[in-house]
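Contents: one structure, followed by commentary.
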Amino acid sequence: MERREFILKSGTLVTASVFLSKYGFANALINYDNEQDFSKRPNPDNFQQPILKAIALGINAPSPHNTQSWKFEIVNDTKMLLYVDENILLPATDPPSRQIHIGAGCFIETTVLGAQRFGYKSIVDYFPQGYTNESDFGKKPVASIELIKENIQVDPLAAFIEGRQTNRRKYKGNLISQEEFNALASLTGKSHSKLVFINSEFEPYLDIFYRGFEIESRTFDTNEETRNLFRFNEEQRAEKRDGISIPQMGYKGMMIGLAEKSLDMGDKEKWHSDKSINLSLKNVKQGIDSTKGIVIWFTENNNFLDWVKSGRDYVRFSHALTSKELYAHPYNQAIQEYAEMTTVRNELNELLKIKEPQKVQMIVRIGRSSTPYYSYRRQLNDFEKK
Ligand SMILES: Cc1cc2nc3c(=O)[nH]c(=O)nc-3n(C[C@H](O)[C@H](O)[C@H](O)COP(=O)(O)O)c2cc1C
């Protein structure tokens, strides 16, 4: 197996005026596919204060299980404090809340890119009041974000905030080539984490993806956590505006209704039955087998800052993918920290020659596919720190 590491160089930047003359307006590159209904997300035009406009865009960020575990304290028109929401954690699948903090990093990067579209640069100060252990979650900020009006350069990645989507469907066409990856890496720019790209000899990884998913599904506590975050019809999705669901898993057309019917609004017995789990594994296997490339983010250490910065890296790469009409689908099960996953997690680390304190922070399959279901986000006032 060939392992390649890329310490990425700084990406190309353009000035705001070049950006606007080239693209006309900031949203120009969004794919206005019928399935992408932007009313599901906060609209920055509804806000006057620059910090709220930036947050409205930041909320488009990815987060584990679409938890959106973010709380905001607005300091003034141009400054906010970001906290994780200690009431929205994933204790079964994410015991240390590592992925929750990666989600916080995703929010930061999306907000920083969003602010650029309004002509603001951001100063991000991590853990301004310190951060030692889980008793600080939700009590101490993960970061302060301060916006400064400047004649800034708008990163081309800022155009893909609304267009970026996780895609769990089957991937089509050619493998992603090394040249394509290099172009993505160059668009992504400098990363804190190290990226590994694999486009051949997938089998051991695909096997690990599958076994990781199977363990998560057959372990009661982790499968139950997913059930609690699952939304079983469009009404629930529109009401809760979070979580995951059958269309988000990649199902299309009539299959959505059939699969939702069989889940019977999340009936506990049906959800945990072999029949439901086997059906979901069958769908998952088709996706895994269609992998066209694998990207892995790992860090030399595994502390809070590594988690948050990895989230920022992940968003930048995801926007680069969107710019090339490519998609990612994380398979993070195998890197999760609960006991049942230990064997598979160690196997993956051995395959990648990752040794503690190094840590794989994200692992995704990438490829081309049709536009997936557009996920909801909660309304901005829902995130206010009480
Ligand atoms: C830290 C992190 C971990 C994630 N892990 C997984 C995963 O293991 N499997 C998966 O299908 N999606 C995973 N996702 C994707 C989220 O479920 C997705 O971002 C969320 O549902 C919102 O959908 P969107 O990305 O299409 O906006 C992860 C996202 C983040 C930020």
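To be explicit about the labels: the chains of the structure tokens are called A, B, and onward in the order shown, and within each one the residues are counted from 1, while ligands get numbers from 1 in the order they are shown.
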
With only C-alpha atoms as the counted atoms, please give the residues lying no more than 8 Å from A:Arg169, apart from itself and same-chain residues fewer than 6 positions off, as a list in words.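 Within the cut-off, the hits are Met249, Gly250, Tyr251, Gly287, Ser369, Ser370 and Pro372 of chain A.
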
Could you turn the residues from that selection into a file that holds C-alpha atoms, as a compact mmCIF listing (two decimals), in the first residue's frame?
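Dumped everything to again-v7.txt:
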# COMPACT_ATOMS: atom_id res chain seq x y z
CA MET A 249 -28.86 8.40 3.56
CA GLY A 250 -29.07 8.61 -0.24
CA TYR A 251 -32.45 6.98 -0.94
CA GLY A 287 -22.18 3.10 -1.47
CA SER A 369 -22.87 11.56 -7.91
CA SER A 370 -26.27 13.16 -8.43
CA PRO A 372 -28.49 14.64 -2.85

Would you write out, as a tab-separated table, a table of all residues in stretch 152-230 of chain A that have an atom no more than 10 Å from an atom of stretch 101-123 of chain A, listing for each the closest atom pair and the distance in Å to one decimal, considering only C-alpha atoms and ordering rows by chain and rising residue number?
residue	atom	partner	partner_atom	distance
A:Ile152	CA	A:Gly119	CA	6.3
A:Gln153	CA	A:Gln116	CA	7.6
A:Val154	CA	A:Gln116	CA	5.5
A:Asp155	CA	A:Leu113	CA	7.1
A:Pro156	CA	A:Leu113	CA	9.1
A:Leu157	CA	A:Leu113	CA	7.3
A:Ala158	CA	A:Leu113	CA	4.9
A:Ala159	CA	A:Arg117	CA	8.2
A:Phe160	CA	A:Leu113	CA	9.4
A:Ile161	CA	A:Thr110	CA	6.7
A:Glu162	CA	A:Thr110	CA	9.8

Could you save the residues just selected, with N, CA and C atoms, as a PDB file, in the first residue's frame?
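And here is the file that came out, again35.pdb:
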ATOM      1  N   ILE A 152     -10.450  43.182   1.864  1.00  0.00           N
ATOM      2  CA  ILE A 152      -9.851  41.850   1.954  1.00  0.00           C
ATOM      3  C   ILE A 152      -9.897  41.095   0.632  1.00  0.00           C
ATOM      4  N   GLN A 153      -9.165  40.020   0.605  1.00  0.00           N
ATOM      5  CA  GLN A 153      -9.220  39.107  -0.524  1.00  0.00           C
ATOM      6  C   GLN A 153     -10.236  38.018  -0.190  1.00  0.00           C
ATOM      7  N   VAL A 154     -11.157  37.794  -1.102  1.00  0.00           N
ATOM      8  CA  VAL A 154     -12.170  36.758  -0.853  1.00  0.00           C
ATOM      9  C   VAL A 154     -11.652  35.428  -1.381  1.00  0.00           C
ATOM     10  N   ASP A 155     -11.624  34.465  -0.510  1.00  0.00           N
ATOM     11  CA  ASP A 155     -11.185  33.128  -0.903  1.00  0.00           C
ATOM     12  C   ASP A 155     -12.215  32.537  -1.875  1.00  0.00           C
ATOM     13  N   PRO A 156     -11.779  32.002  -3.010  1.00  0.00           N
ATOM     14  CA  PRO A 156     -12.753  31.406  -3.942  1.00  0.00           C
ATOM     15  C   PRO A 156     -13.627  30.338  -3.278  1.00  0.00           C
ATOM     16  N   LEU A 157     -13.131  29.715  -2.211  1.00  0.00           N
ATOM     17  CA  LEU A 157     -13.921  28.674  -1.534  1.00  0.00           C
ATOM     18  C   LEU A 157     -15.179  29.247  -0.885  1.00  0.00           C
ATOM     19  N   ALA A 158     -15.210  30.586  -0.690  1.00  0.00           N
ATOM     20  CA  ALA A 158     -16.367  31.217  -0.039  1.00  0.00           C
ATOM     21  C   ALA A 158     -17.639  31.076  -0.872  1.00  0.00           C
ATOM     22  N   ALA A 159     -17.495  30.769  -2.151  1.00  0.00           N
ATOM     23  CA  ALA A 159     -18.676  30.661  -3.019  1.00  0.00           C
ATOM     24  C   ALA A 159     -19.452  29.361  -2.810  1.00  0.00           C
ATOM     25  N   PHE A 160     -18.888  28.428  -2.042  1.00  0.00           N
ATOM     26  CA  PHE A 160     -19.491  27.084  -2.006  1.00  0.00           C
ATOM     27  C   PHE A 160     -20.136  26.722  -0.674  1.00  0.00           C
ATOM     28  N   ILE A 161     -20.411  27.752   0.132  1.00  0.00           N
ATOM     29  CA  ILE A 161     -20.972  27.507   1.472  1.00  0.00           C
ATOM     30  C   ILE A 161     -22.313  26.788   1.379  1.00  0.00           C
ATOM     31  N   GLU A 162     -23.219  27.309   0.549  1.00  0.00           N
ATOM     32  CA  GLU A 162     -24.555  26.710   0.458  1.00  0.00           C
ATOM     33  C   GLU A 162     -24.559  25.454  -0.415  1.00  0.00           C
TER      34      GLU A 162
END

Within 7 Å of ligand 1, which residues of chain A come that close, and what is the closest atom pair and distance in Å for each? Count only C-alpha atoms and all ligand atoms and give it as a Markdown table.
| residue | atom | partner | partner_atom_place_in_ligand_line | distance |
| --- | --- | --- | --- | --- |
| A:Asn60 | CA | ligand 1 | 27 (O) | 6.4 |
| A:Ala61 | CA | ligand 1 | 27 (O) | 6.2 |
| A:Pro62 | CA | ligand 1 | 19 (O) | 3.4 |
| A:Ser63 | CA | ligand 1 | 31 (C) | 3.5 |
| A:Pro64 | CA | ligand 1 | 29 (C) | 3.9 |
| A:His65 | CA | ligand 1 | 17 (O) | 3.9 |
| A:Asn66 | CA | ligand 1 | 20 (C) | 3.8 |
| A:Gln99 | CA | ligand 1 | 1 (C) | 4.2 |
| A:Ile100 | CA | ligand 1 | 1 (C) | 6.2 |
| A:Ile102 | CA | ligand 1 | 1 (C) | 4.9 |
| A:Gly103 | CA | ligand 1 | 31 (C) | 4.5 |
| A:Cys106 | CA | ligand 1 | 31 (C) | 6.4 |
| A:Arg164 | CA | ligand 1 | 27 (O) | 6.7 |
| A:Gln165 | CA | ligand 1 | 26 (O) | 3.7 |
| A:Thr166 | CA | ligand 1 | 26 (O) | 3.8 |
| A:Asn167 | CA | ligand 1 | 26 (O) | 6.6 |
| A:Arg168 | CA | ligand 1 | 11 (O) | 6.4 |
| A:Gly243 | CA | ligand 1 | 21 (O) | 6.3 |
| A:Ile244 | CA | ligand 1 | 21 (O) | 5.6 |
| A:Gly311 | CA | ligand 1 | 31 (C) | 6.7 |
| A:His329 | CA | ligand 1 | 11 (O) | 5.7 |
| A:Pro330 | CA | ligand 1 | 7 (C) | 4.5 |
| A:Tyr331 | CA | ligand 1 | 8 (O) | 4.3 |
| A:Asn332 | CA | ligand 1 | 8 (O) | 3.8 |
| A:Gln333 | CA | ligand 1 | 8 (O) | 5.3 |
| A:Met362 | CA | ligand 1 | 3 (C) | 6.9 |
| A:Tyr374 | CA | ligand 1 | 26 (O) | 6.4 |
| A:Ser375 | CA | ligand 1 | 23 (O) | 5.5 |

With distances taken over only C-alpha atoms, which residue among A:Asp85, A:Glu150, A:Glu203, A:Glu225 lies nearest A:Lys292?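 Closest to A:Lys292 of all the choices is A:Glu203.
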
Counting only C-alpha atoms, which of A:Leu352, A:Leu326, A:Leu258, A:Ile215 gets nearest to A:Tyr171?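 Closest residue, counting only C-alpha atoms: A:Leu326.
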
A:Pro357, A:Gly173, A:Gly257, A:Pro50: which is nearest A:Ile145, counting only C-alpha atoms?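 Distance minimum relative to A:Ile145 lands on A:Pro50.
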
Applying 7 Å and only C-alpha atoms, which residues near A:Ala56 remain after dropping the ones on its own chain fewer than 2 positions away? List them as a list of chain:residue names. A:Pro42, A:Asn43, A:Pro44, A:Leu52, A:Lys53, A:Ala54, A:Gly58, A:Ile59, A:Leu380

Between atom CA of A:Tyr338 and atom CA of A:Thr93, what is the spacing in Å?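 About the pair atom CA of A:Thr93 and atom CA of A:Tyr338: they are 6.7 Å apart.
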
Could you give me the residues within stretch 97-204 of chain A that DSSP places in helix (DSSP H, G or I), as JSON, numbers by chain? {"A": [98, 99, 100, 101, 102, 103, 104, 105, 106, 107, 108, 109, 110, 111, 112, 113, 114, 115, 116, 117, 134, 135, 136, 156, 157, 158, 159, 160, 178, 179, 180, 181, 182, 183, 184, 185, 186, 187, 188, 203, 204]}

As a ChimeraX atom specification, please: all residues of stretch 80-270 of chain A that backbone DSSP puts in strand (DSSP E or B). /A:80-84,120-126,143-149,153-154,166,172,194-198,230-231,244-245

Identify which of the residues A:Ala238, A:Ile51, A:Ile288, A:Met80 lies closest to A:Arg365, counting only C-alpha atoms when measuring atom-to-atom distances.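 Smallest separation from A:Arg365 among the options: A:Ile288.
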
What is the atom CA of A:Gln248-atom CA of A:Lys261 distance in Å, reported with one decimal?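 Atom CA of A:Lys261 lies at a distance of 15.7 Å from atom CA of A:Gln248.
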
Residues near stretch 81-84 of chain A, anyone? I mean within 7 Å using only C-alpha atoms, not counting same-chain ones fewer than 6 positions away, as a PyMOL selection string. chain A and resi 69-74+104+137-138+140-145

Selection to disk with N, CA, C and O atoms, as an mmCIF file, in the first residue's frame:
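part-v5.cif was written with the following content:
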data_model
loop_
_atom_site.group_PDB
_atom_site.id
_atom_site.type_symbol
_atom_site.label_atom_id
_atom_site.label_comp_id
_atom_site.auth_asym_id
_atom_site.auth_seq_id
_atom_site.Cartn_x
_atom_site.Cartn_y
_atom_site.Cartn_z
ATOM 1 N N SER A 69 -24.321 21.336 17.061
ATOM 2 C CA SER A 69 -24.109 21.564 18.493
ATOM 3 C C SER A 69 -23.301 22.846 18.703
ATOM 4 O O SER A 69 -22.128 22.817 19.069
ATOM 5 N N TRP A 70 -23.961 23.979 18.438
ATOM 6 C CA TRP A 70 -23.309 25.289 18.514
ATOM 7 C C TRP A 70 -24.168 26.218 19.362
ATOM 8 O O TRP A 70 -25.403 26.212 19.249
ATOM 9 N N LYS A 71 -23.505 27.027 20.194
ATOM 10 C CA LYS A 71 -24.208 28.086 20.944
ATOM 11 C C LYS A 71 -23.440 29.379 20.713
ATOM 12 O O LYS A 71 -22.205 29.373 20.714
ATOM 13 N N PHE A 72 -24.172 30.467 20.546
ATOM 14 C CA PHE A 72 -23.514 31.740 20.258
ATOM 15 C C PHE A 72 -23.812 32.757 21.335
ATOM 16 O O PHE A 72 -24.950 32.875 21.788
ATOM 17 N N GLU A 73 -22.783 33.513 21.713
ATOM 18 C CA GLU A 73 -22.994 34.689 22.550
ATOM 19 C C GLU A 73 -22.549 35.869 21.699
ATOM 20 O O GLU A 73 -21.389 35.927 21.285
ATOM 21 N N ILE A 74 -23.491 36.752 21.415
ATOM 22 C CA ILE A 74 -23.164 37.904 20.573
ATOM 23 C C ILE A 74 -22.573 38.984 21.473
ATOM 24 O O ILE A 74 -23.244 39.475 22.384
ATOM 25 N N ALA A 104 -17.547 22.120 15.592
ATOM 26 C CA ALA A 104 -17.357 23.535 15.962
ATOM 27 C C ALA A 104 -16.351 24.175 15.004
ATOM 28 O O ALA A 104 -16.529 25.313 14.551
ATOM 29 N N PHE A 137 -17.291 22.211 28.582
ATOM 30 C CA PHE A 137 -18.141 22.172 27.379
ATOM 31 C C PHE A 137 -19.399 23.006 27.621
ATOM 32 O O PHE A 137 -20.132 22.774 28.592
ATOM 33 N N GLY A 138 -19.637 23.945 26.751
ATOM 34 C CA GLY A 138 -20.839 24.777 26.869
ATOM 35 C C GLY A 138 -20.680 25.918 27.860
ATOM 36 O O GLY A 138 -21.506 26.831 27.894
ATOM 37 N N LYS A 140 -17.334 27.353 28.662
ATOM 38 C CA LYS A 140 -16.253 28.216 28.167
ATOM 39 C C LYS A 140 -16.248 28.181 26.643
ATOM 40 O O LYS A 140 -16.473 27.126 26.046
ATOM 41 N N PRO A 141 -15.971 29.331 26.025
ATOM 42 C CA PRO A 141 -16.037 29.353 24.560
ATOM 43 C C PRO A 141 -14.928 28.536 23.899
ATOM 44 O O PRO A 141 -13.810 28.467 24.403
ATOM 45 N N VAL A 142 -15.286 27.953 22.767
ATOM 46 C CA VAL A 142 -14.310 27.257 21.921
ATOM 47 C C VAL A 142 -13.489 28.306 21.160
ATOM 48 O O VAL A 142 -12.308 28.123 20.901
ATOM 49 N N ALA A 143 -14.144 29.410 20.836
ATOM 50 C CA ALA A 143 -13.432 30.473 20.100
ATOM 51 C C ALA A 143 -14.203 31.776 20.195
ATOM 52 O O ALA A 143 -15.426 31.773 20.377
ATOM 53 N N SER A 144 -13.468 32.867 20.071
ATOM 54 C CA SER A 144 -14.135 34.139 19.781
ATOM 55 C C SER A 144 -13.839 34.448 18.316
ATOM 56 O O SER A 144 -12.756 34.133 17.807
ATOM 57 N N ILE A 145 -14.840 35.001 17.648
ATOM 58 C CA ILE A 145 -14.661 35.383 16.237
ATOM 59 C C ILE A 145 -14.970 36.868 16.140
ATOM 60 O O ILE A 145 -16.080 37.297 16.479
#
